[in-house]
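Enquirer: Could you have a look at this structure, given as structure tokens, before my questions?
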There are 2 protein chains.
Amino acid sequence: MAGPTNTQFAVAVHLMTLLSAADAPLASPALAGSVGTNPVHVRRVLGRLREAGLVTSRPGVAGGWQVAVDPAATGLDRVWRAVHGDEPVLGVHDAHPDCAAGQRIQADLVALDRDVLAALEERLAATTIADLGARVPPLVLPS
Amino acid sequence: MAGPTNTQFAVAVHLMTLLSAADAPLASPALAGSVGTNPVHVRRVLGRLREAGLVTSRPGVAGGWQVAVDPAATGLDRVWRAVHGDEPVLGVHDAHPDCAAGQRIQADLVALDRDVLAALEERLAATTIADLGARVPPLVLPS
DNA sequence: CGATCCGTACTCGAAGCGATGACGGTTAGA
DNA sequence: TCTAACCGTCATCGCTTCGAGTACGGATCG
């Protein structure tokens, strides 16, 4: 029970923050050094972000990656969608096909998962990339 | 990218729904048949629920499992806590120790994760076990 | 006393994930 | 034009998690 092992969202947020603070394009080897991984993995994650229109890339000797959006107007929900799409956030299991109760419950769980995903993205949308890049006061979470 | 592989929450909800609709104690082999897994896995998941006080168990020839709470007053957030505790829901990665920006971003991500977890539990609390069990027909025990 | 079931430890196979190497395409600069 | 640097992608490897399955002891009731 060590929680999720997929760290691509954290890596993606890390990369977006680094890129939004840079003027010139950054190369994947340099980014990999800061994130603590390897260039190939960085390119894979950034590839998803590019598909979502969040970053642009250019090959060549002076190539690298740049942000394509306004960091202050881009919520983390867009990063989540770019990385995870609409995959389930809760785990889903396959109930016994012959058990009517199991089928019913599973359908309800899928619907619940959609709802939880919406709540998760709503919360992520409240934080922008610029919020993490600048040293802002910690998130307000009084309740 | 096939989403989370941990299905214990779904199994736990499934089990709680079945137990809340039963009068007599149910044995793990019977439950396993409905959930679509094996008795050992059922006992492991139910063990966590028992630690959280959601169910009770009794060994012996007429033993089995029973709910220990009111299904109509028990939100799914309690099931989530029983299974996952306060583990991170977003993935976390280890930033490079020498990168100050990385350390700061990681700290912000941990804080964000706590907030997202709170939002997730708040959503789960809006659904009770009875909400799922209301439309569930009686369990058909496999021979 | 024996049948049934819980409790737990152990092993096994499958799948996800990240690391790594390799190779071709593309671009800027010498 | 030629070379170096970087992107894009594929294949592979090792690690970890997860669930399935087996086994054995303890507890309970007929």
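Naming works like this for the structure tokens: A, B, ... for the chains as they're shown, residue 1 at the start of each chain, ligands 1 onward in shown order.
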List as a tab-separated table every residue of chain A that is in contact with chain C, defined as an atom at most 12 Å from one of its atoms (using only C-alpha atoms (C1' of nucleotides)), together with the nearest atom pair and the distance in Å rounded to one decimal, sorted by chain and then rising number.

Expert:
residue	atom	partner	partner_atom	distance
A:Pro4	CA	C:DG16	C1'	10.5
A:Thr5	CA	C:DC17	C1'	7.2
A:Asn6	CA	C:DC17	C1'	6.7
A:Thr7	CA	C:DC17	C1'	8.8
A:Gln8	CA	C:DC17	C1'	9.7
A:Val11	CA	C:DG18	C1'	11.9
A:Gly36	CA	C:DG18	C1'	11.4
A:Thr37	CA	C:DA19	C1'	8.3
A:Asn38	CA	C:DA19	C1'	7.3
A:Pro39	CA	C:DA19	C1'	10.1
A:Val40	CA	C:DT20	C1'	8.9
A:His41	CA	C:DG18	C1'	7.6
A:Val42	CA	C:DG18	C1'	10.9
A:Arg44	CA	C:DG18	C1'	11.3
A:Val45	CA	C:DG18	C1'	11.8
A:Ser57	CA	C:DT26	C1'	11.7
A:Arg58	CA	C:DT27	C1'	8.3
A:Pro59	CA	C:DT26	C1'	5.7
A:Gly60	CA	C:DT27	C1'	3.6
A:Val61	CA	C:DA28	C1'	5.5
A:Ala62	CA	C:DA28	C1'	6.3
A:Gly63	CA	C:DT27	C1'	7.6
A:Gly64	CA	C:DT27	C1'	11.1

Enquirer: What does the file look like for those residues with C-alpha atoms, as an mmCIF file, in the first residue's frame?

Expert:
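Output file again.cif follows:
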data_model
loop_
_atom_site.group_PDB
_atom_site.id
_atom_site.type_symbol
_atom_site.label_atom_id
_atom_site.label_comp_id
_atom_site.auth_asym_id
_atom_site.auth_seq_id
_atom_site.Cartn_x
_atom_site.Cartn_y
_atom_site.Cartn_z
ATOM 1 C CA PRO A 4 0.256 5.446 -6.672
ATOM 2 C CA THR A 5 3.527 4.657 -8.384
ATOM 3 C CA ASN A 6 2.794 6.805 -11.413
ATOM 4 C CA THR A 7 4.713 10.026 -10.935
ATOM 5 C CA GLN A 8 4.146 11.515 -14.369
ATOM 6 C CA VAL A 11 7.081 15.328 -13.244
ATOM 7 C CA GLY A 36 15.876 13.749 -11.248
ATOM 8 C CA THR A 37 15.197 11.442 -14.149
ATOM 9 C CA ASN A 38 16.499 10.742 -17.655
ATOM 10 C CA PRO A 39 16.033 12.673 -20.922
ATOM 11 C CA VAL A 40 13.923 10.006 -22.578
ATOM 12 C CA HIS A 41 11.388 10.025 -19.804
ATOM 13 C CA VAL A 42 11.300 13.812 -19.923
ATOM 14 C CA ARG A 44 7.842 11.215 -23.171
ATOM 15 C CA VAL A 45 6.055 13.331 -20.583
ATOM 16 C CA SER A 57 9.433 21.662 -29.022
ATOM 17 C CA ARG A 58 12.064 22.275 -31.641
ATOM 18 C CA PRO A 59 14.839 19.892 -32.665
ATOM 19 C CA GLY A 60 18.319 20.943 -33.613
ATOM 20 C CA VAL A 61 21.404 22.251 -31.943
ATOM 21 C CA ALA A 62 19.639 25.207 -30.318
ATOM 22 C CA GLY A 63 16.422 23.304 -29.804
ATOM 23 C CA GLY A 64 14.508 22.509 -26.671
#

Enquirer: Sorted by chain and rising residue number, list the residues of chain A at most 6 Å from chain B (counting only C-alpha atoms), each with its closest atom pair and distance in Å to one decimal, as JSON lines.

Expert:
{"residue": "A:Gly3", "atom": "CA", "partner": "B:Glu87", "partner_atom": "CA", "distance": 5.6}
{"residue": "A:Pro4", "atom": "CA", "partner": "B:Gly91", "partner_atom": "CA", "distance": 5.4}
{"residue": "A:Asn6", "atom": "CA", "partner": "B:Gly91", "partner_atom": "CA", "distance": 5.4}
{"residue": "A:Thr7", "atom": "CA", "partner": "B:Gly91", "partner_atom": "CA", "distance": 4.4}
{"residue": "A:Ala10", "atom": "CA", "partner": "B:Val92", "partner_atom": "CA", "distance": 5.8}
{"residue": "A:Ser34", "atom": "CA", "partner": "B:His96", "partner_atom": "CA", "distance": 5.8}
{"residue": "A:Val35", "atom": "CA", "partner": "B:Ala95", "partner_atom": "CA", "distance": 5.3}
{"residue": "A:Gly36", "atom": "CA", "partner": "B:His96", "partner_atom": "CA", "distance": 4.7}
{"residue": "A:Glu87", "atom": "CA", "partner": "B:Gly3", "partner_atom": "CA", "distance": 5.6}
{"residue": "A:Pro88", "atom": "CA", "partner": "B:Gly3", "partner_atom": "CA", "distance": 5.9}
{"residue": "A:Gly91", "atom": "CA", "partner": "B:Thr7", "partner_atom": "CA", "distance": 4.4}
{"residue": "A:Val92", "atom": "CA", "partner": "B:Thr7", "partner_atom": "CA", "distance": 5.3}
{"residue": "A:His93", "atom": "CA", "partner": "B:Thr7", "partner_atom": "CA", "distance": 5.5}
{"residue": "A:Ala95", "atom": "CA", "partner": "B:Gly36", "partner_atom": "CA", "distance": 5.2}
{"residue": "A:His96", "atom": "CA", "partner": "B:Gly36", "partner_atom": "CA", "distance": 4.7}
{"residue": "A:Cys99", "atom": "CA", "partner": "B:Ser34", "partner_atom": "CA", "distance": 5.9}
{"residue": "A:Ala101", "atom": "CA", "partner": "B:Val136", "partner_atom": "CA", "distance": 5.3}

Enquirer: Over all C-alpha pairs taken in sequence order, what does chain B look like after a least-squares fit onto chain A? Please give it as an mmCIF file with C-alpha atoms, in the first residue's frame.

Expert:
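File written: out.cif
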data_model
loop_
_atom_site.group_PDB
_atom_site.id
_atom_site.type_symbol
_atom_site.label_atom_id
_atom_site.label_comp_id
_atom_site.auth_asym_id
_atom_site.auth_seq_id
_atom_site.Cartn_x
_atom_site.Cartn_y
_atom_site.Cartn_z
ATOM 1 C CA MET B 1 -2.133 0.520 1.220
ATOM 2 C CA ALA B 2 0.359 3.232 0.448
ATOM 3 C CA GLY B 3 -1.910 5.167 -1.870
ATOM 4 C CA PRO B 4 -1.364 5.738 -5.558
ATOM 5 C CA THR B 5 2.120 5.155 -6.859
ATOM 6 C CA ASN B 6 1.598 7.141 -10.026
ATOM 7 C CA THR B 7 3.192 10.519 -9.450
ATOM 8 C CA GLN B 8 2.980 11.851 -12.985
ATOM 9 C CA PHE B 9 0.326 14.416 -12.111
ATOM 10 C CA ALA B 10 2.463 15.853 -9.349
ATOM 11 C CA VAL B 11 5.477 15.903 -11.646
ATOM 12 C CA ALA B 12 3.448 17.555 -14.400
ATOM 13 C CA VAL B 13 2.185 20.289 -12.100
ATOM 14 C CA HIS B 14 5.683 20.797 -10.818
ATOM 15 C CA LEU B 15 7.029 21.149 -14.343
ATOM 16 C CA MET B 16 4.295 23.514 -15.449
ATOM 17 C CA THR B 17 4.977 25.739 -12.463
ATOM 18 C CA LEU B 18 8.684 25.867 -13.182
ATOM 19 C CA LEU B 19 8.165 26.586 -16.863
ATOM 20 C CA SER B 20 5.621 29.315 -16.219
ATOM 21 C CA ALA B 21 8.158 31.132 -14.037
ATOM 22 C CA ALA B 22 10.925 31.000 -16.643
ATOM 23 C CA ASP B 23 11.647 33.381 -19.497
ATOM 24 C CA ALA B 24 13.943 31.265 -21.640
ATOM 25 C CA PRO B 25 13.310 27.625 -22.630
ATOM 26 C CA LEU B 26 14.335 25.105 -19.988
ATOM 27 C CA ALA B 27 16.064 21.825 -20.843
ATOM 28 C CA SER B 28 14.919 18.485 -19.478
ATOM 29 C CA PRO B 29 18.153 17.809 -17.557
ATOM 30 C CA ALA B 30 17.755 21.074 -15.643
ATOM 31 C CA LEU B 31 14.091 20.353 -14.953
ATOM 32 C CA ALA B 32 14.911 16.846 -13.823
ATOM 33 C CA GLY B 33 17.286 18.228 -11.228
ATOM 34 C CA SER B 34 14.570 20.331 -9.662
ATOM 35 C CA VAL B 35 11.808 17.768 -9.826
ATOM 36 C CA GLY B 36 14.012 15.015 -8.476
ATOM 37 C CA THR B 37 13.886 12.558 -11.344
ATOM 38 C CA ASN B 38 15.727 11.868 -14.595
ATOM 39 C CA PRO B 39 15.543 13.709 -17.939
ATOM 40 C CA VAL B 40 13.856 10.842 -19.754
ATOM 41 C CA HIS B 41 10.959 10.762 -17.352
ATOM 42 C CA VAL B 42 10.624 14.532 -17.635
ATOM 43 C CA ARG B 43 10.468 14.301 -21.410
ATOM 44 C CA ARG B 44 7.829 11.596 -21.224
ATOM 45 C CA VAL B 45 5.562 13.630 -18.966
ATOM 46 C CA LEU B 46 6.127 16.812 -20.949
ATOM 47 C CA GLY B 47 5.315 14.874 -24.097
ATOM 48 C CA ARG B 48 1.783 14.318 -22.798
ATOM 49 C CA LEU B 49 1.475 17.970 -21.895
ATOM 50 C CA ARG B 50 2.597 18.898 -25.392
ATOM 51 C CA GLU B 51 -0.067 16.640 -26.904
ATOM 52 C CA ALA B 52 -2.590 18.599 -24.862
ATOM 53 C CA GLY B 53 -1.166 21.884 -26.141
ATOM 54 C CA LEU B 54 0.060 23.064 -22.767
ATOM 55 C CA VAL B 55 3.757 23.280 -23.657
ATOM 56 C CA THR B 56 6.008 23.436 -26.688
ATOM 57 C CA SER B 57 9.412 21.912 -27.235
ATOM 58 C CA ARG B 58 12.316 22.606 -29.535
ATOM 59 C CA PRO B 59 15.376 20.430 -30.075
ATOM 60 C CA GLY B 60 18.859 21.696 -30.610
ATOM 61 C CA VAL B 61 21.583 23.347 -28.658
ATOM 62 C CA ALA B 62 19.395 26.208 -27.435
ATOM 63 C CA GLY B 63 16.278 24.056 -27.215
ATOM 64 C CA GLY B 64 14.061 23.233 -24.297
ATOM 65 C CA TRP B 65 10.470 23.566 -23.146
ATOM 66 C CA GLN B 66 8.144 26.532 -22.814
ATOM 67 C CA VAL B 67 4.573 27.020 -21.703
ATOM 68 C CA ALA B 68 2.053 27.525 -24.510
ATOM 69 C CA VAL B 69 -0.832 28.797 -22.393
ATOM 70 C CA ASP B 70 -1.573 31.550 -19.922
ATOM 71 C CA PRO B 71 -0.712 30.161 -16.480
ATOM 72 C CA ALA B 72 -3.302 32.407 -14.843
ATOM 73 C CA ALA B 73 -6.058 31.065 -17.104
ATOM 74 C CA THR B 74 -5.158 27.377 -17.057
ATOM 75 C CA GLY B 75 -6.697 25.194 -14.385
ATOM 76 C CA LEU B 76 -5.074 22.077 -13.025
ATOM 77 C CA ASP B 77 -7.884 20.028 -14.518
ATOM 78 C CA ARG B 78 -6.232 20.450 -17.914
ATOM 79 C CA VAL B 79 -3.036 19.010 -16.492
ATOM 80 C CA TRP B 80 -4.978 16.106 -15.029
ATOM 81 C CA ARG B 81 -6.654 15.360 -18.349
ATOM 82 C CA ALA B 82 -3.351 15.590 -20.175
ATOM 83 C CA VAL B 83 -1.789 13.034 -17.867
ATOM 84 C CA HIS B 84 -4.627 10.694 -16.944
ATOM 85 C CA GLY B 85 -7.137 11.265 -19.731
ATOM 86 C CA ASP B 86 -10.492 9.868 -18.677
ATOM 87 C CA GLU B 87 -9.157 6.884 -16.811
ATOM 88 C CA PRO B 88 -11.134 5.739 -13.785
ATOM 89 C CA VAL B 89 -10.210 7.414 -10.504
ATOM 90 C CA LEU B 90 -11.918 4.787 -8.374
ATOM 91 C CA GLY B 91 -10.717 1.234 -8.751
ATOM 92 C CA VAL B 92 -12.817 -1.090 -10.857
ATOM 93 C CA HIS B 93 -12.976 -4.842 -10.518
ATOM 94 C CA ASP B 94 -14.366 -7.556 -12.730
ATOM 95 C CA ALA B 95 -17.500 -9.076 -11.232
ATOM 96 C CA HIS B 96 -18.435 -12.663 -11.881
ATOM 97 C CA PRO B 97 -20.030 -12.826 -15.355
ATOM 98 C CA ASP B 98 -22.793 -15.144 -14.173
ATOM 99 C CA CYS B 99 -23.800 -12.957 -11.263
ATOM 100 C CA ALA B 100 -26.555 -10.610 -12.391
ATOM 101 C CA ALA B 101 -26.331 -8.536 -9.230
ATOM 102 C CA GLY B 102 -22.612 -8.197 -9.725
ATOM 103 C CA GLN B 103 -22.994 -6.965 -13.284
ATOM 104 C CA ARG B 104 -25.570 -4.381 -12.254
ATOM 105 C CA ILE B 105 -23.492 -3.136 -9.344
ATOM 106 C CA GLN B 106 -20.453 -2.860 -11.562
ATOM 107 C CA ALA B 107 -22.367 -0.770 -14.074
ATOM 108 C CA ASP B 108 -23.463 1.538 -11.273
ATOM 109 C CA LEU B 109 -19.887 1.801 -10.075
ATOM 110 C CA VAL B 110 -18.708 2.850 -13.527
ATOM 111 C CA ALA B 111 -21.369 5.572 -13.631
ATOM 112 C CA LEU B 112 -20.360 6.662 -10.158
ATOM 113 C CA ASP B 113 -16.747 6.830 -11.240
ATOM 114 C CA ARG B 114 -17.616 9.212 -14.079
ATOM 115 C CA ASP B 115 -19.421 11.430 -11.636
ATOM 116 C CA VAL B 116 -16.570 11.406 -9.168
ATOM 117 C CA LEU B 117 -14.135 12.236 -11.960
ATOM 118 C CA ALA B 118 -16.268 15.237 -12.879
ATOM 119 C CA ALA B 119 -16.253 16.406 -9.268
ATOM 120 C CA LEU B 120 -12.512 15.969 -9.085
ATOM 121 C CA GLU B 121 -11.874 17.951 -12.237
ATOM 122 C CA GLU B 122 -14.241 20.650 -11.087
ATOM 123 C CA ARG B 123 -12.189 21.035 -7.937
ATOM 124 C CA LEU B 124 -8.906 21.037 -9.860
ATOM 125 C CA ALA B 125 -10.222 23.689 -12.226
ATOM 126 C CA ALA B 126 -10.583 26.039 -9.262
ATOM 127 C CA THR B 127 -6.792 26.202 -8.975
ATOM 128 C CA THR B 128 -4.623 27.600 -11.755
ATOM 129 C CA ILE B 129 -0.971 27.072 -12.475
ATOM 130 C CA ALA B 130 -0.331 30.705 -11.613
ATOM 131 C CA ASP B 131 -1.828 30.104 -8.165
ATOM 132 C CA LEU B 132 0.954 27.669 -7.415
ATOM 133 C CA GLY B 133 3.687 29.598 -9.195
ATOM 134 C CA ALA B 134 2.977 32.913 -7.511
ATOM 135 C CA ARG B 135 4.953 32.128 -4.396
ATOM 136 C CA VAL B 136 7.688 30.173 -6.106
ATOM 137 C CA PRO B 137 11.180 31.688 -6.177
ATOM 138 C CA PRO B 138 13.200 31.569 -9.394
ATOM 139 C CA LEU B 139 14.653 28.241 -10.407
ATOM 140 C CA VAL B 140 18.188 27.571 -9.280
ATOM 141 C CA LEU B 141 19.840 25.682 -12.053
ATOM 142 C CA PRO B 142 22.050 22.824 -10.877
ATOM 143 C CA SER B 143 25.477 22.832 -12.417
#

Enquirer: Using only C-alpha atoms (C1' of nucleotides), select each residue of chain D with any atom at most 12 Å away from an atom of chain B, and give the selection as a VMD selection string.

Expert: chain D and resid 17 to 23 26 to 30

Enquirer: Name the residues of chain B that come out as strand (DSSP E or B) in a backbone DSSP run; write them as a list in words.

Expert: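 Secondary structure check on chain B, strand (DSSP E or B): Leu26, Val55, Thr56, Ser57, Arg58, Gly64, Trp65, Gln66, Val67, Gly75 and Thr128 of chain B.
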